[in-house]
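First the structure, in the form of structure tokens, and then the observations on it.
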Amino acid sequence: TQSTWDPDNNPNCPIFKLGDILASAGITTFFEREVIFGAVITVGMRYNCDLDKDTRVCAPTLTFTRTDDPNDILSPGYNFRYGYYTTDPDGIVFRDLYKMFGLRFVFTVSGMAGRFSFVPMFIAFGSGLGFLGVATVIADLVVTKLLEKRNHYTKHKYEYVDDDDSPEETRLNSNSDDDTPLLP
């Protein structure tokens with residue numbers, strides 16, 4: 001015998017029985033109700049793959065959900081209408097309106113896959129370092145130009161040097177006891 005899909009024993013088999021799909025969607029009255037009114041079944045296929053490992057283990061997780069309202073008074077299940085137009089030999093046009101019932105399967109496929117690579121990692125790391133440098137400049141601009149106490153922050157951020165003509169006498173303007181000249 002040929003194997004078929006089973007959610008517990010054979011979840012990766014691509015051969016499905018209609019009864020198994022309907023049972024997984026919660027439909028147990030198919031031959032009493034759904035065969036007459038129809039139904040909409042959403043088949044969800046969710047992938048979550050690590051491509052660093054063997055791709056054969058990257059199989060989807062399947063879910064079956066009934067998405068129509070079986071208790072809807074106006075139009076339970078799934079149905080649609082279409083017209084079929086014919087013309088008789090005298091040129092009179094007739095229209096036959098058909099209301100069709102059936103099963104509609106809506107497939108949704110989603111997921112993600114990833115593989116580690118050093119190139120994107122180094123690009124992201126370099127970008128992060130660049131943003132860190134830009135963040136420092138922006139923080140300095142905000143603190144020294146926009147805040148109310150900007151004079152206080154500016155005074156403590158920068159050390160001012162005396163502006164003398166001779167480089168030998170140039171010293172730091174600080175409170176330290178070190179009187180060593182900056183230049184010989």
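Letters for chains follow the order of the structure tokens (A, B, ...), residue numbers begin at 1 for each chain, and ligand numbers begin at 1 in the order shown.
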
Requested in this report: For Pro11 of chain A, list every protein, DNA or RNA residue within 9 Å, evaluated using only C-alpha atoms, and leave out those in the same chain fewer than 6 positions away; present the list as a PyMOL selection string.
Outcome: chain A and resi 4-5+59-62

Query raised in the report: Asp140 of chain A: which residues within 10 Å, counting only C-alpha atoms, same-chain residues fewer than 5 positions away excluded, as number ranges by chain?
Result: A: 134-135, 145-146, 153-154, 157

Report task. From the DSSP assignment of the backbone, select every residue of segment 37-177 of chain A that is alpha helix (DSSP H), and format the answer as a PyMOL selection string. Result -> chain A and resi 37+118-141+150-157

With C-alpha atoms retained, could you export that selection as a PDB file, in the first residue's frame?
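New file result_35.pdb:
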ATOM      1  CA  PHE A  37     -23.232  23.473   1.450  1.00  0.00           C
ATOM      2  CA  PHE A 118      30.816  36.125   7.974  1.00  0.00           C
ATOM      3  CA  VAL A 119      30.353  38.785   5.278  1.00  0.00           C
ATOM      4  CA  PRO A 120      26.951  40.065   6.520  1.00  0.00           C
ATOM      5  CA  MET A 121      28.190  39.793  10.102  1.00  0.00           C
ATOM      6  CA  PHE A 122      31.198  42.043   9.392  1.00  0.00           C
ATOM      7  CA  ILE A 123      29.044  44.470   7.408  1.00  0.00           C
ATOM      8  CA  ALA A 124      26.604  44.749  10.314  1.00  0.00           C
ATOM      9  CA  PHE A 125      29.473  45.115  12.787  1.00  0.00           C
ATOM     10  CA  GLY A 126      31.094  47.879  10.714  1.00  0.00           C
ATOM     11  CA  SER A 127      27.784  49.672  10.317  1.00  0.00           C
ATOM     12  CA  GLY A 128      27.254  49.483  14.063  1.00  0.00           C
ATOM     13  CA  LEU A 129      30.656  51.049  14.709  1.00  0.00           C
ATOM     14  CA  GLY A 130      29.856  53.794  12.218  1.00  0.00           C
ATOM     15  CA  PHE A 131      26.539  54.530  13.907  1.00  0.00           C
ATOM     16  CA  LEU A 132      28.290  54.570  17.266  1.00  0.00           C
ATOM     17  CA  GLY A 133      30.633  57.307  15.988  1.00  0.00           C
ATOM     18  CA  VAL A 134      27.736  59.313  14.579  1.00  0.00           C
ATOM     19  CA  ALA A 135      25.821  58.934  17.841  1.00  0.00           C
ATOM     20  CA  THR A 136      28.743  60.452  19.749  1.00  0.00           C
ATOM     21  CA  VAL A 137      28.831  63.496  17.466  1.00  0.00           C
ATOM     22  CA  ILE A 138      25.070  63.976  17.701  1.00  0.00           C
ATOM     23  CA  ALA A 139      25.134  63.652  21.498  1.00  0.00           C
ATOM     24  CA  ASP A 140      27.918  66.252  21.700  1.00  0.00           C
ATOM     25  CA  LEU A 141      25.952  68.646  19.495  1.00  0.00           C
ATOM     26  CA  ARG A 150      25.098  74.100  27.502  1.00  0.00           C
ATOM     27  CA  ASN A 151      27.652  76.591  28.884  1.00  0.00           C
ATOM     28  CA  HIS A 152      28.308  74.340  31.868  1.00  0.00           C
ATOM     29  CA  TYR A 153      28.768  71.256  29.655  1.00  0.00           C
ATOM     30  CA  THR A 154      30.928  73.147  27.165  1.00  0.00           C
ATOM     31  CA  LYS A 155      33.170  74.475  29.966  1.00  0.00           C
ATOM     32  CA  HIS A 156      33.779  70.943  31.280  1.00  0.00           C
ATOM     33  CA  LYS A 157      34.036  69.305  27.890  1.00  0.00           C
TER      34      LYS A 157
END

**Report entry** Length of the atom CA of Lys99 of chain A to atom CA of Gly19 of chain A vector [Å]
**Finding:**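 Distance reported for this atom pair: 24.6 Å.
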
What are the DSSP strand (DSSP E) residues of chain A, as a PDB file with C-alpha atoms, in the first residue's frame?
ATOM      1  CA  ALA A  39     -16.667  24.646   3.028  1.00  0.00           C
ATOM      2  CA  VAL A  40     -13.521  26.790   2.886  1.00  0.00           C
ATOM      3  CA  ILE A  41     -10.371  25.113   4.209  1.00  0.00           C
ATOM      4  CA  THR A  42      -7.149  27.068   4.769  1.00  0.00           C
ATOM      5  CA  VAL A  43      -4.026  24.956   4.421  1.00  0.00           C
ATOM      6  CA  GLY A  44      -1.192  26.633   6.309  1.00  0.00           C
ATOM      7  CA  MET A  45       2.363  25.657   5.446  1.00  0.00           C
ATOM      8  CA  ARG A  46       4.925  27.112   7.877  1.00  0.00           C
ATOM      9  CA  TYR A  47       8.653  26.735   7.220  1.00  0.00           C
ATOM     10  CA  ASN A  48      11.337  27.415   9.829  1.00  0.00           C
ATOM     11  CA  CYS A  49      14.671  26.363   8.357  1.00  0.00           C
ATOM     12  CA  ASP A  50      18.278  26.556   9.449  1.00  0.00           C
ATOM     13  CA  THR A  61       4.493  22.269   9.488  1.00  0.00           C
ATOM     14  CA  LEU A  62       0.982  21.820   8.079  1.00  0.00           C
ATOM     15  CA  THR A  63      -2.214  23.114   9.632  1.00  0.00           C
ATOM     16  CA  PHE A  64      -5.757  22.786   8.325  1.00  0.00           C
ATOM     17  CA  THR A  65      -8.380  25.282   9.440  1.00  0.00           C
ATOM     18  CA  ARG A  66     -11.966  25.798   8.427  1.00  0.00           C
ATOM     19  CA  ASN A  79     -20.835  28.719  -2.880  1.00  0.00           C
ATOM     20  CA  PHE A  80     -20.830  31.010  -5.866  1.00  0.00           C
ATOM     21  CA  ARG A  81     -23.152  31.800  -8.734  1.00  0.00           C
ATOM     22  CA  TYR A  82     -22.482  32.213 -12.414  1.00  0.00           C
ATOM     23  CA  GLY A  83     -24.668  32.770 -15.437  1.00  0.00           C
ATOM     24  CA  TYR A  84     -24.630  30.764 -18.650  1.00  0.00           C
ATOM     25  CA  TYR A  85     -26.024  32.622 -21.654  1.00  0.00           C
ATOM     26  CA  THR A  86     -27.481  30.940 -24.722  1.00  0.00           C
ATOM     27  CA  THR A  87     -29.279  32.202 -27.808  1.00  0.00           C
ATOM     28  CA  VAL A  93     -31.146  35.297 -25.257  1.00  0.00           C
ATOM     29  CA  PHE A  94     -31.610  33.010 -22.296  1.00  0.00           C
ATOM     30  CA  ARG A  95     -29.684  32.960 -19.086  1.00  0.00           C
ATOM     31  CA  ASP A  96     -29.303  29.981 -16.794  1.00  0.00           C
ATOM     32  CA  LEU A  97     -28.098  30.883 -13.295  1.00  0.00           C
ATOM     33  CA  TYR A  98     -26.114  28.183 -11.532  1.00  0.00           C
ATOM     34  CA  LYS A  99     -25.342  28.126  -7.829  1.00  0.00           C
ATOM     35  CA  MET A 100     -22.296  25.987  -7.211  1.00  0.00           C
ATOM     36  CA  PHE A 101     -21.260  24.435  -3.905  1.00  0.00           C
ATOM     37  CA  LEU A 103     -14.768  22.735  -1.152  1.00  0.00           C
ATOM     38  CA  ARG A 104     -12.367  25.628  -1.562  1.00  0.00           C
ATOM     39  CA  PHE A 105      -8.772  25.227  -0.448  1.00  0.00           C
ATOM     40  CA  VAL A 106      -6.784  28.369   0.334  1.00  0.00           C
ATOM     41  CA  PHE A 107      -3.042  27.796   0.661  1.00  0.00           C
ATOM     42  CA  THR A 108      -0.887  30.100   2.762  1.00  0.00           C
ATOM     43  CA  VAL A 109       2.855  29.554   2.809  1.00  0.00           C
ATOM     44  CA  SER A 110       5.053  31.416   5.282  1.00  0.00           C
ATOM     45  CA  GLY A 111       8.284  30.973   7.131  1.00  0.00           C
ATOM     46  CA  MET A 112      11.889  31.926   7.326  1.00  0.00           C
ATOM     47  CA  ALA A 113      15.233  30.444   6.470  1.00  0.00           C
ATOM     48  CA  GLY A 114      18.673  31.542   7.464  1.00  0.00           C
TER      49      GLY A 114
END

Report summary line: Atom pair atom CA of Asp52 of chain A + atom CA of Asp6 of chain A, distance 27.7 Å

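Counting only C-alpha atoms, the residue from A:Asn71, A:Thr55, A:Thr144, A:Ser3 that sits nearest to Lys17 of chain A is A:Ser3.
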